[in-house]
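J.: The file below is model.pdb, PDB, C-alpha atoms and all ligand atoms:
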ATOM      1  CA  MET E 227       0.000   0.000   0.000  1.00  0.00           C
ATOM      2  CA  MET E 228       1.303   3.460  -0.870  1.00  0.00           C
ATOM      3  CA  VAL E 229       0.754   6.216   1.661  1.00  0.00           C
ATOM      4  CA  ASP E 230       1.593   9.895   1.389  1.00  0.00           C
ATOM      5  CA  PRO E 231       4.423  10.402   3.930  1.00  0.00           C
ATOM      6  CA  SER E 232       3.306  13.984   4.560  1.00  0.00           C
ATOM      7  CA  LEU E 233       0.375  12.532   6.480  1.00  0.00           C
ATOM      8  CA  ASP E 234       2.727  11.796   9.362  1.00  0.00           C
ATOM      9  CA  ARG E 235       3.318  15.514   9.724  1.00  0.00           C
ATOM     10  CA  ALA E 236      -0.362  16.414   9.645  1.00  0.00           C
ATOM     11  CA  GLY E 237      -1.483  18.462  12.609  1.00  0.00           C
ATOM     12  CA  PRO E 238      -4.703  18.084  14.578  1.00  0.00           C
ATOM     13  CA  VAL E 239      -7.736  17.690  12.362  1.00  0.00           C
ATOM     14  CA  ALA E 240     -11.475  17.897  12.931  1.00  0.00           C
ATOM     15  CA  ARG E 241     -12.946  14.459  13.434  1.00  0.00           C
ATOM     16  CA  SER E 242     -15.151  13.205  10.624  1.00  0.00           C
ATOM     17  CA  ARG E 243     -18.508  11.588  11.239  1.00  0.00           C
ATOM     18  CA  LEU E 244     -19.066   8.174   9.709  1.00  0.00           C
ATOM     19  CA  ALA E 245     -22.105   6.185   8.698  1.00  0.00           C
ATOM     20  CA  VAL E 246     -21.231   2.498   8.477  1.00  0.00           C
ATOM     21  CA  LEU E 247     -23.614   0.572   6.226  1.00  0.00           C
ATOM     22  CA  VAL E 248     -23.899  -3.163   6.890  1.00  0.00           C
ATOM     23  CA  SER E 249     -25.943  -6.179   5.840  1.00  0.00           C
ATOM     24  CA  GLY E 250     -24.341  -9.068   7.729  1.00  0.00           C
ATOM     25  CA  THR E 251     -21.911 -10.043  10.422  1.00  0.00           C
ATOM     26  CA  GLY E 252     -20.192  -6.696  10.802  1.00  0.00           C
ATOM     27  CA  SER E 253     -16.612  -7.753  11.456  1.00  0.00           C
ATOM     28  CA  ASN E 254     -15.325  -4.769   9.467  1.00  0.00           C
ATOM     29  CA  MET E 255     -17.589  -2.417  11.405  1.00  0.00           C
ATOM     30  CA  VAL E 256     -16.193  -3.871  14.644  1.00  0.00           C
ATOM     31  CA  ALA E 257     -12.609  -3.518  13.398  1.00  0.00           C
ATOM     32  CA  LEU E 258     -13.279   0.105  12.489  1.00  0.00           C
ATOM     33  CA  ALA E 259     -14.877   0.824  15.873  1.00  0.00           C
ATOM     34  CA  ASP E 260     -11.936  -0.836  17.648  1.00  0.00           C
ATOM     35  CA  ALA E 261      -9.399   1.160  15.609  1.00  0.00           C
ATOM     36  CA  ILE E 262     -11.261   4.348  16.488  1.00  0.00           C
ATOM     37  CA  ALA E 263     -11.223   3.355  20.160  1.00  0.00           C
ATOM     38  CA  ARG E 264      -7.439   2.870  19.912  1.00  0.00           C
ATOM     39  CA  GLY E 265      -7.110   6.415  18.536  1.00  0.00           C
ATOM     40  CA  GLU E 266      -6.019   5.263  15.073  1.00  0.00           C
ATOM     41  CA  VAL E 267      -8.778   6.928  13.023  1.00  0.00           C
ATOM     42  CA  ALA E 268      -9.627  10.653  12.963  1.00  0.00           C
ATOM     43  CA  ALA E 269     -13.338   9.904  12.856  1.00  0.00           C
ATOM     44  CA  ASP E 270     -16.248   8.651  14.912  1.00  0.00           C
ATOM     45  CA  ILE E 271     -19.094   6.337  13.955  1.00  0.00           C
ATOM     46  CA  ALA E 272     -22.238   8.469  14.044  1.00  0.00           C
ATOM     47  CA  VAL E 273     -24.552   5.654  13.024  1.00  0.00           C
ATOM     48  CA  VAL E 274     -24.568   2.033  11.844  1.00  0.00           C
ATOM     49  CA  VAL E 275     -27.283   1.415   9.254  1.00  0.00           C
ATOM     50  CA  SER E 276     -28.444  -2.009   8.108  1.00  0.00           C
ATOM     51  CA  ASP E 277     -30.708  -2.905   5.212  1.00  0.00           C
ATOM     52  CA  VAL E 278     -31.366  -6.270   6.903  1.00  0.00           C
ATOM     53  CA  ALA E 279     -33.486  -6.472  10.054  1.00  0.00           C
ATOM     54  CA  GLY E 280     -31.750  -8.544  12.699  1.00  0.00           C
ATOM     55  CA  ALA E 281     -28.331  -8.475  11.025  1.00  0.00           C
ATOM     56  CA  PRO E 282     -25.716  -9.573  13.609  1.00  0.00           C
ATOM     57  CA  ALA E 283     -23.826  -6.351  12.905  1.00  0.00           C
ATOM     58  CA  LEU E 284     -26.620  -4.399  14.609  1.00  0.00           C
ATOM     59  CA  ASP E 285     -26.168  -6.226  17.916  1.00  0.00           C
ATOM     60  CA  ARG E 286     -22.414  -5.863  17.724  1.00  0.00           C
ATOM     61  CA  ALA E 287     -22.804  -2.117  17.143  1.00  0.00           C
ATOM     62  CA  ALA E 288     -25.289  -1.733  19.977  1.00  0.00           C
ATOM     63  CA  GLU E 289     -22.918  -3.622  22.319  1.00  0.00           C
ATOM     64  CA  ARG E 290     -20.380  -0.912  21.570  1.00  0.00           C
ATOM     65  CA  GLY E 291     -22.841   1.854  22.351  1.00  0.00           C
ATOM     66  CA  LEU E 292     -23.227   2.889  18.719  1.00  0.00           C
ATOM     67  CA  ALA E 293     -26.472   4.258  17.303  1.00  0.00           C
ATOM     68  CA  THR E 294     -28.159   1.769  14.990  1.00  0.00           C
ATOM     69  CA  VAL E 295     -30.894   2.122  12.393  1.00  0.00           C
ATOM     70  CA  THR E 296     -32.513  -0.471  10.137  1.00  0.00           C
ATOM     71  CA  VAL E 297     -33.883   0.575   6.767  1.00  0.00           C
ATOM     72  CA  PRO E 298     -35.199  -2.759   5.412  1.00  0.00           C
ATOM     73  CA  PHE E 299     -34.541  -3.152   1.721  1.00  0.00           C
ATOM     74  CA  ASP E 300     -37.703  -2.702  -0.330  1.00  0.00           C
ATOM     75  CA  ARG E 301     -37.348  -4.383  -3.684  1.00  0.00           C
ATOM     76  CA  ALA E 302     -40.791  -3.134  -4.755  1.00  0.00           C
ATOM     77  CA  ASP E 303     -39.849   0.528  -4.349  1.00  0.00           C
ATOM     78  CA  ARG E 304     -36.117   0.815  -4.478  1.00  0.00           C
ATOM     79  CA  PRO E 305     -36.001   4.634  -4.952  1.00  0.00           C
ATOM     80  CA  ALA E 306     -38.146   5.170  -1.851  1.00  0.00           C
ATOM     81  CA  TRP E 307     -35.951   2.771   0.132  1.00  0.00           C
ATOM     82  CA  GLU E 308     -32.818   4.596  -0.951  1.00  0.00           C
ATOM     83  CA  SER E 309     -34.380   7.962  -0.095  1.00  0.00           C
ATOM     84  CA  ARG E 310     -35.072   6.691   3.427  1.00  0.00           C
ATOM     85  CA  LEU E 311     -31.533   5.381   3.659  1.00  0.00           C
ATOM     86  CA  ALA E 312     -30.069   8.725   2.553  1.00  0.00           C
ATOM     87  CA  ALA E 313     -32.320  10.593   4.975  1.00  0.00           C
ATOM     88  CA  GLU E 314     -31.103   8.453   7.905  1.00  0.00           C
ATOM     89  CA  VAL E 315     -27.481   9.007   6.962  1.00  0.00           C
ATOM     90  CA  ALA E 316     -27.983  12.745   6.460  1.00  0.00           C
ATOM     91  CA  ALA E 317     -29.884  13.026   9.758  1.00  0.00           C
ATOM     92  CA  HIS E 318     -26.683  11.969  11.518  1.00  0.00           C
ATOM     93  CA  ASP E 319     -24.673  14.749   9.854  1.00  0.00           C
ATOM     94  CA  VAL E 320     -22.303  12.298   8.214  1.00  0.00           C
ATOM     95  CA  ASP E 321     -19.130  13.211   6.304  1.00  0.00           C
ATOM     96  CA  ILE E 322     -18.076   9.748   5.079  1.00  0.00           C
ATOM     97  CA  VAL E 323     -20.172   6.668   4.259  1.00  0.00           C
ATOM     98  CA  VAL E 324     -18.406   3.334   4.786  1.00  0.00           C
ATOM     99  CA  LEU E 325     -19.849   0.236   3.100  1.00  0.00           C
ATOM    100  CA  ALA E 326     -18.764  -2.644   5.332  1.00  0.00           C
ATOM    101  CA  GLY E 327     -20.416  -5.747   3.936  1.00  0.00           C
ATOM    102  CA  PHE E 328     -23.367  -3.736   2.610  1.00  0.00           C
ATOM    103  CA  MET E 329     -24.918  -5.855  -0.145  1.00  0.00           C
ATOM    104  CA  ARG E 330     -26.769  -3.186  -2.137  1.00  0.00           C
ATOM    105  CA  ILE E 331     -25.844  -0.961  -5.056  1.00  0.00           C
ATOM    106  CA  LEU E 332     -26.287   2.777  -4.479  1.00  0.00           C
ATOM    107  CA  SER E 333     -27.555   5.114  -7.177  1.00  0.00           C
ATOM    108  CA  GLY E 334     -25.934   8.276  -8.457  1.00  0.00           C
ATOM    109  CA  ALA E 335     -28.513  10.297  -6.535  1.00  0.00           C
ATOM    110  CA  PHE E 336     -27.285   8.829  -3.235  1.00  0.00           C
ATOM    111  CA  LEU E 337     -23.597   9.032  -4.146  1.00  0.00           C
ATOM    112  CA  ALA E 338     -23.913  12.686  -5.222  1.00  0.00           C
ATOM    113  CA  ARG E 339     -24.786  13.618  -1.647  1.00  0.00           C
ATOM    114  CA  TRP E 340     -21.362  12.427  -0.414  1.00  0.00           C
ATOM    115  CA  PRO E 341     -19.120  12.916  -3.461  1.00  0.00           C
ATOM    116  CA  GLU E 342     -15.914  10.882  -3.266  1.00  0.00           C
ATOM    117  CA  ARG E 343     -16.789  10.102   0.338  1.00  0.00           C
ATOM    118  CA  VAL E 344     -18.453   6.706  -0.067  1.00  0.00           C
ATOM    119  CA  VAL E 345     -15.946   3.885   0.378  1.00  0.00           C
ATOM    120  CA  ASN E 346     -16.236   0.094   0.092  1.00  0.00           C
ATOM    121  CA  VAL E 347     -14.081  -2.848   1.133  1.00  0.00           C
ATOM    122  CA  HIS E 348     -14.024  -5.895  -1.122  1.00  0.00           C
ATOM    123  CA  PRO E 349     -12.216  -9.244  -0.705  1.00  0.00           C
ATOM    124  CA  SER E 350     -10.376  -9.392  -4.032  1.00  0.00           C
ATOM    125  CA  LEU E 351      -7.817  -7.435  -6.002  1.00  0.00           C
ATOM    126  CA  LEU E 352     -10.277  -5.481  -8.123  1.00  0.00           C
ATOM    127  CA  PRO E 353     -11.011  -5.479 -11.000  1.00  0.00           C
ATOM    128  CA  ALA E 354     -10.684  -9.262 -10.545  1.00  0.00           C
ATOM    129  CA  PHE E 355     -13.562 -11.145  -8.916  1.00  0.00           C
ATOM    130  CA  ARG E 356     -16.201  -8.462  -8.555  1.00  0.00           C
ATOM    131  CA  GLY E 357     -19.475  -9.564  -6.999  1.00  0.00           C
ATOM    132  CA  ALA E 358     -20.948 -11.269  -3.968  1.00  0.00           C
ATOM    133  CA  ASP E 359     -18.716 -14.374  -3.884  1.00  0.00           C
ATOM    134  CA  ALA E 360     -15.248 -13.028  -4.590  1.00  0.00           C
ATOM    135  CA  VAL E 361     -13.600 -15.577  -2.298  1.00  0.00           C
ATOM    136  CA  GLY E 362     -15.365 -18.579  -3.844  1.00  0.00           C
ATOM    137  CA  ASP E 363     -14.726 -17.222  -7.324  1.00  0.00           C
ATOM    138  CA  ALA E 364     -10.997 -16.828  -6.641  1.00  0.00           C
ATOM    139  CA  LEU E 365     -10.788 -20.409  -5.344  1.00  0.00           C
ATOM    140  CA  ALA E 366     -12.829 -21.754  -8.257  1.00  0.00           C
ATOM    141  CA  ALA E 367     -10.565 -19.965 -10.712  1.00  0.00           C
ATOM    142  CA  GLY E 368      -7.479 -21.501  -9.129  1.00  0.00           C
ATOM    143  CA  ALA E 369      -6.007 -18.070  -8.405  1.00  0.00           C
ATOM    144  CA  SER E 370      -2.653 -18.173  -6.630  1.00  0.00           C
ATOM    145  CA  VAL E 371      -3.051 -14.600  -5.410  1.00  0.00           C
ATOM    146  CA  THR E 372      -6.100 -12.635  -4.369  1.00  0.00           C
ATOM    147  CA  GLY E 373      -6.393  -9.830  -1.843  1.00  0.00           C
ATOM    148  CA  VAL E 374      -8.338  -6.871  -0.541  1.00  0.00           C
ATOM    149  CA  THR E 375      -9.369  -3.618  -2.208  1.00  0.00           C
ATOM    150  CA  VAL E 376     -10.677  -0.437  -0.615  1.00  0.00           C
ATOM    151  CA  HIS E 377     -12.217   1.831  -3.219  1.00  0.00           C
ATOM    152  CA  LEU E 378     -14.474   4.796  -3.741  1.00  0.00           C
ATOM    153  CA  VAL E 379     -17.946   3.702  -4.771  1.00  0.00           C
ATOM    154  CA  ASP E 380     -19.659   4.400  -8.057  1.00  0.00           C
ATOM    155  CA  GLU E 381     -22.917   3.072  -9.455  1.00  0.00           C
ATOM    156  CA  LEU E 382     -21.434  -0.254 -10.563  1.00  0.00           C
ATOM    157  CA  VAL E 383     -20.850  -3.333  -8.431  1.00  0.00           C
ATOM    158  CA  ASP E 384     -17.448  -3.355  -6.678  1.00  0.00           C
ATOM    159  CA  HIS E 385     -16.190  -0.604  -8.952  1.00  0.00           C
ATOM    160  CA  GLY E 386     -14.738   2.882  -8.623  1.00  0.00           C
ATOM    161  CA  PRO E 387     -11.352   4.522  -8.011  1.00  0.00           C
ATOM    162  CA  ILE E 388      -9.064   2.235  -6.026  1.00  0.00           C
ATOM    163  CA  LEU E 389      -7.634   3.737  -2.843  1.00  0.00           C
ATOM    164  CA  ALA E 390      -5.649   0.821  -1.448  1.00  0.00           C
ATOM    165  CA  GLN E 391      -4.980  -2.822  -2.240  1.00  0.00           C
ATOM    166  CA  GLU E 392      -3.090  -5.590  -0.501  1.00  0.00           C
ATOM    167  CA  ALA E 393      -2.361  -9.017  -1.949  1.00  0.00           C
ATOM    168  CA  VAL E 394      -2.986 -12.293  -0.113  1.00  0.00           C
ATOM    169  CA  ASP E 395      -1.460 -15.538  -1.367  1.00  0.00           C
ATOM    170  CA  VAL E 396      -3.812 -18.469  -1.949  1.00  0.00           C
ATOM    171  CA  SER E 397      -2.386 -21.809  -0.900  1.00  0.00           C
ATOM    172  CA  PRO E 398      -3.402 -25.032  -2.696  1.00  0.00           C
ATOM    173  CA  ASP E 399      -4.964 -26.415   0.484  1.00  0.00           C
ATOM    174  CA  ASP E 400      -6.917 -23.285   1.320  1.00  0.00           C
ATOM    175  CA  THR E 401     -10.603 -23.706   2.038  1.00  0.00           C
ATOM    176  CA  ARG E 402     -13.057 -20.909   1.802  1.00  0.00           C
ATOM    177  CA  ASP E 403     -12.834 -20.453   5.587  1.00  0.00           C
ATOM    178  CA  THR E 404      -9.049 -20.392   5.823  1.00  0.00           C
ATOM    179  CA  LEU E 405      -8.721 -17.945   2.923  1.00  0.00           C
ATOM    180  CA  LEU E 406     -11.543 -15.767   4.220  1.00  0.00           C
ATOM    181  CA  ALA E 407      -9.878 -15.560   7.629  1.00  0.00           C
ATOM    182  CA  ARG E 408      -6.655 -14.218   6.086  1.00  0.00           C
ATOM    183  CA  LEU E 409      -8.582 -11.790   3.883  1.00  0.00           C
ATOM    184  CA  HIS E 410     -10.560 -10.527   6.846  1.00  0.00           C
ATOM    185  CA  ALA E 411      -7.366  -9.895   8.801  1.00  0.00           C
ATOM    186  CA  VAL E 412      -6.178  -7.654   5.970  1.00  0.00           C
ATOM    187  CA  GLU E 413      -9.554  -5.952   5.585  1.00  0.00           C
ATOM    188  CA  HIS E 414      -9.672  -5.159   9.283  1.00  0.00           C
ATOM    189  CA  ARG E 415      -6.365  -3.302   9.015  1.00  0.00           C
ATOM    190  CA  LEU E 416      -6.752  -1.699   5.578  1.00  0.00           C
ATOM    191  CA  LEU E 417     -10.267  -0.276   5.905  1.00  0.00           C
ATOM    192  CA  PRO E 418      -9.630   1.724   9.114  1.00  0.00           C
ATOM    193  CA  HIS E 419      -6.385   3.028   7.655  1.00  0.00           C
ATOM    194  CA  VAL E 420      -8.060   4.313   4.491  1.00  0.00           C
ATOM    195  CA  VAL E 421     -10.978   5.779   6.441  1.00  0.00           C
ATOM    196  CA  ASP E 422      -8.435   7.667   8.548  1.00  0.00           C
ATOM    197  CA  LEU E 423      -6.832   9.087   5.399  1.00  0.00           C
ATOM    198  CA  LEU E 424     -10.218  10.141   4.024  1.00  0.00           C
ATOM    199  CA  ALA E 425     -11.150  11.659   7.370  1.00  0.00           C
ATOM    200  CA  ARG E 426      -8.028  13.777   7.171  1.00  0.00           C
ATOM    201  CA  GLY E 427      -9.104  14.924   3.707  1.00  0.00           C
ATOM    202  CA  ARG E 428      -6.400  12.895   2.050  1.00  0.00           C
ATOM    203  CA  VAL E 429      -6.449   9.746  -0.002  1.00  0.00           C
ATOM    204  CA  PRO E 430      -3.575   7.352  -0.617  1.00  0.00           C
ATOM    205  CA  ASP E 431      -1.578   7.822  -3.785  1.00  0.00           C
ATOM    206  CA  LEU E 432      -3.752   6.349  -6.457  1.00  0.00           C
ATOM    207  CA  PRO E 433      -2.341   3.754  -8.831  1.00  0.00           C
ATOM    208  CA  THR E 434      -4.144   5.687 -11.550  1.00  0.00           C
ATOM    209  CA  PRO E 435      -5.295   9.306 -11.445  1.00  0.00           C
ATOM    210  CA  LEU E 436      -8.709   9.777  -9.874  1.00  0.00           C
ATOM    211  CA  ASP E 437     -11.127   9.707 -12.793  1.00  0.00           C
ATOM    212  CA  ARG E 438     -13.855  12.251 -12.191  1.00  0.00           C
ATOM    213  CA  SER E 439     -15.577  11.544 -15.507  1.00  0.00           C
ATOM    214  CA  ARG E 440     -18.563   9.271 -16.068  1.00  0.00           C
ATOM    215  CA  PRO E 441     -18.536   5.742 -14.605  1.00  0.00           C
ATOM    216  CA  GLU E 442     -17.022   3.121 -16.864  1.00  0.00           C
ATOM    217  CA  THR E 443     -19.007   0.228 -18.178  1.00  0.00           C
ATOM    218  CA  PRO E 444     -17.796  -3.215 -17.093  1.00  0.00           C
TER
HETATM  219  C1  LIG M   1     -16.225  -8.482   3.734  1.00  0.00           C
HETATM  220  O1  LIG M   1     -15.452  -9.560   3.259  1.00  0.00           O
HETATM  221  C2  LIG M   1     -16.201  -7.339   2.760  1.00  0.00           C
HETATM  222  O2  LIG M   1     -15.033  -7.255   2.040  1.00  0.00           O
HETATM  223  C3  LIG M   1     -17.356  -7.668   1.847  1.00  0.00           C
HETATM  224  O3  LIG M   1     -18.329  -8.207   2.673  1.00  0.00           O
HETATM  225  C4  LIG M   1     -17.700  -8.838   3.792  1.00  0.00           C
HETATM  226  C5  LIG M   1     -18.353  -8.306   5.028  1.00  0.00           C
HETATM  227  O4  LIG M   1     -17.914  -8.945   6.173  1.00  0.00           O
HETATM  228  N1  LIG M   1     -17.800  -6.493   1.118  1.00  0.00           N
HETATM  229  P1  LIG M   1     -18.293  -8.327   7.591  1.00  0.00           P
HETATM  230  O5  LIG M   1     -19.820  -8.172   7.637  1.00  0.00           O
HETATM  231  O6  LIG M   1     -17.598  -7.030   7.747  1.00  0.00           O
HETATM  232  O7  LIG M   1     -17.841  -9.361   8.588  1.00  0.00           O
END
Could you show the structure in this file as structure tokens?
T.:
Amino acid sequence: MMVDPSLDRAGPVARSRLAVLVSGTGSNMVALADAIARGEVAADIAVVVSDVAGAPALDRAAERGLATVTVPFDRADRPAWESRLAAEVAAHDVDIVVLAGFMRILSGAFLARWPERVVNVHPSLLPAFRGADAVGDALAAGASVTGVTVHLVDELVDHGPILAQEAVDVSPDDTRDTLLARLHAVEHRLLPHVVDLLARGRVPDLPTPLDRSRPETP
């Protein structure tokens, strides 16, 4: 991972407010909360929002004293659901939206409210293995290397300017569980680090210049 060394000389900064969007177990949300508690991230979690009622992440957030909201996904009226989601995030005066295992695509209307401040973590070296089963897909493909990507979010699935990546070797006897455990360990370090950089108004050196033009097609 490439990091701007001038960040080490940065002075005190205002703390950013985060919304962490989840759908499942919430291990990345927990890792982020723990990193914040250790003083490693210049931000605080203002709210944890789930699109799934009863998601384990909600209990884990509540155990940590974090505000939680559920906005159940409504397939029949997706725009109305997304409007409610945006309203909940905005109501908490959020600067940065962190997708931490959030299994929904967000529209341009949502993303435009937090431009270049919606970030996702994905368990592959994007653009390889986009989608919901990146770990299974990497194993099925016989990949010898996969990894973790943290990227800004656009309207496509697991797509947008890459902020940080870290490779993870795949061993021939890896199972889904063993590989996932190593990927999670990387995610839990990389996501808080990138959120800290964003909170300070800085992003890591990008492997390619930040493309502010229209989203690409896959
Ligand atoms: C992580 O592997 C993340 O990369 C992907 O979804 C998973 C969420 O795990 N987008 P958790 O809910 O944070 O444990």
J.: Need to verify the contact set: Glu413 in chain E, 10 Å, all atoms listed in the file, exclusion of same-chain residues closer than 2 positions in sequence. Can you return it as an MDAnalysis selection string?
T.: chainID E and resid 253:254 257:258 326 347:349 373:376 391:392 407:411 415:419
J.: Looking at only C-alpha atoms, which of E:Thr404, E:Thr372, E:Ser397, E:Ser242 is the one that sits closest to Ala269 in chain E?
T.: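 Going through E:Thr404, E:Thr372, E:Ser397, E:Ser242 one by one, the smallest distance to Ala269 in chain E is for E:Ser242.
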J.: State, in Å with one decimal place, the distance from CA of Val324 in chain E to CA of Val345 in chain E.
T.: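 Distance between the two atoms: 5.1 Å.
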J.: Rounded to one decimal, what separation in Å do you get between CA of Thr251 in chain E and CA of Arg426 in chain E?
T.: 27.8 Å
J.: Evaluate the PyMOL selection byres (((chain E and resi 281) around 12) and not hetatm) against this structure - the residues, as a VMD selection string, please.
T.: chain E and resid 247 to 253 274 to 280 282 to 288 294 to 298 327 to 329
J.: Enter the distance from CA of Phe299 in chain E to atom O3 of ligand LIG 1 (chain M), in Å, rounded to one decimal.
T.: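 Separation of CA of Phe299 in chain E and atom O3 of ligand LIG 1 (chain M): 17.0 Å.
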J.: Within 12 Å of Asp363 in chain E, counting only C-alpha atoms, which residues show up once you throw out same-chain ones fewer than 5 positions away? Write them as a PyMOL selection string, please.
T.: chain E and resi 349-350+354-358+368-369+372+402+405
J.: May I have the residues from that selection written out with C-alpha atoms, as a PDB file, in the coordinates of the input?
T.:
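Produced file result34.pdb, reproduced below:
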ATOM      1  CA  PRO E 349     -12.216  -9.244  -0.705  1.00  0.00           C
ATOM      2  CA  SER E 350     -10.376  -9.392  -4.032  1.00  0.00           C
ATOM      3  CA  ALA E 354     -10.684  -9.262 -10.545  1.00  0.00           C
ATOM      4  CA  PHE E 355     -13.562 -11.145  -8.916  1.00  0.00           C
ATOM      5  CA  ARG E 356     -16.201  -8.462  -8.555  1.00  0.00           C
ATOM      6  CA  GLY E 357     -19.475  -9.564  -6.999  1.00  0.00           C
ATOM      7  CA  ALA E 358     -20.948 -11.269  -3.968  1.00  0.00           C
ATOM      8  CA  GLY E 368      -7.479 -21.501  -9.129  1.00  0.00           C
ATOM      9  CA  ALA E 369      -6.007 -18.070  -8.405  1.00  0.00           C
ATOM     10  CA  THR E 372      -6.100 -12.635  -4.369  1.00  0.00           C
ATOM     11  CA  ARG E 402     -13.057 -20.909   1.802  1.00  0.00           C
ATOM     12  CA  LEU E 405      -8.721 -17.945   2.923  1.00  0.00           C
TER      13      LEU E 405
END
J.: So, with only C-alpha atoms as the atoms that count, which of E:Ala261, E:Ala338, E:Ala245, E:Val256 lies closest to Ala316 in chain E?
T.: E:Ala245
J.: Using all atoms of ligand LIG 1 (chain M) that appear in the file, construct an axis-aligned enclosing box with 6 Å of padding on every side and provide its centre coordinates and edge lengths in Å, rounded to one decimal, as AutoDock Vina command-line options.
T.:
--center_x -17.4 --center_y -8.0 --center_z 4.9 --size_x 16.8 --size_y 15.1 --size_z 19.5
J.: Tell me which of E:Asp359, E:Glu381, E:Asp422, E:Asp400 sits closest to ligand LIG 1 (chain M), counting only C-alpha atoms and all ligand atoms.
T.: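 Looking only at the distances to ligand LIG 1 (chain M), the closest residue turns out to be E:Asp359.
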J.: Could you please give me, as a PyMOL selection string, the residues of protein, DNA or RNA lying at most 10 Å from (-16.9, 10.2, -4.3) in the coordinate frame of the file, considering only C-alpha atoms?
T.: chain E and resi 322-323+337-345+377-380+386-387+436+438
J.: Smallest atom-to-atom distance to Val320 in chain E: which of E:Glu289, E:Asp303, E:Asp270, E:Asp260, using only C-alpha atoms?
T.: E:Asp270
J.: Check the smallest atom-to-atom distance from each of E:Leu365, E:Val315, E:Ala263, E:Ala360 to ligand LIG 1 (chain M) using all atoms listed in the file, then report the winner.
T.: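 Answer, going by the shortest atom-to-atom distance: E:Ala360.
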J.: Which residue is closest to ligand LIG 1 (chain M)? Choose from E:Arg301, E:Arg428, E:Arg243, E:Arg330 and count only C-alpha atoms and all ligand atoms.
T.: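 The answer is E:Arg330, which sits nearest to ligand LIG 1 (chain M).
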J.: Quick one: which residues end up in the PyMOL selection byres (((chain E and resi 396) around 6) and not hetatm) for this structure, as a list in words?
T.: Ser370, Val371, Asp395 and Ser397 of chain E
J.: Would you list the residues near (-33.9, 5.1, -5.1), meaning any protein, DNA or RNA residue with an atom at most 9 Å from that point in file coordinates, counting all atoms listed in the file, as a PDB file with C-alpha atoms, in the coordinates of the input?
T.:
ATOM      1  CA  ASP E 303     -39.849   0.528  -4.349  1.00  0.00           C
ATOM      2  CA  ARG E 304     -36.117   0.815  -4.478  1.00  0.00           C
ATOM      3  CA  PRO E 305     -36.001   4.634  -4.952  1.00  0.00           C
ATOM      4  CA  ALA E 306     -38.146   5.170  -1.851  1.00  0.00           C
ATOM      5  CA  TRP E 307     -35.951   2.771   0.132  1.00  0.00           C
ATOM      6  CA  GLU E 308     -32.818   4.596  -0.951  1.00  0.00           C
ATOM      7  CA  SER E 309     -34.380   7.962  -0.095  1.00  0.00           C
ATOM      8  CA  ARG E 310     -35.072   6.691   3.427  1.00  0.00           C
ATOM      9  CA  LEU E 332     -26.287   2.777  -4.479  1.00  0.00           C
ATOM     10  CA  SER E 333     -27.555   5.114  -7.177  1.00  0.00           C
ATOM     11  CA  ALA E 335     -28.513  10.297  -6.535  1.00  0.00           C
ATOM     12  CA  PHE E 336     -27.285   8.829  -3.235  1.00  0.00           C
TER      13      PHE E 336
END
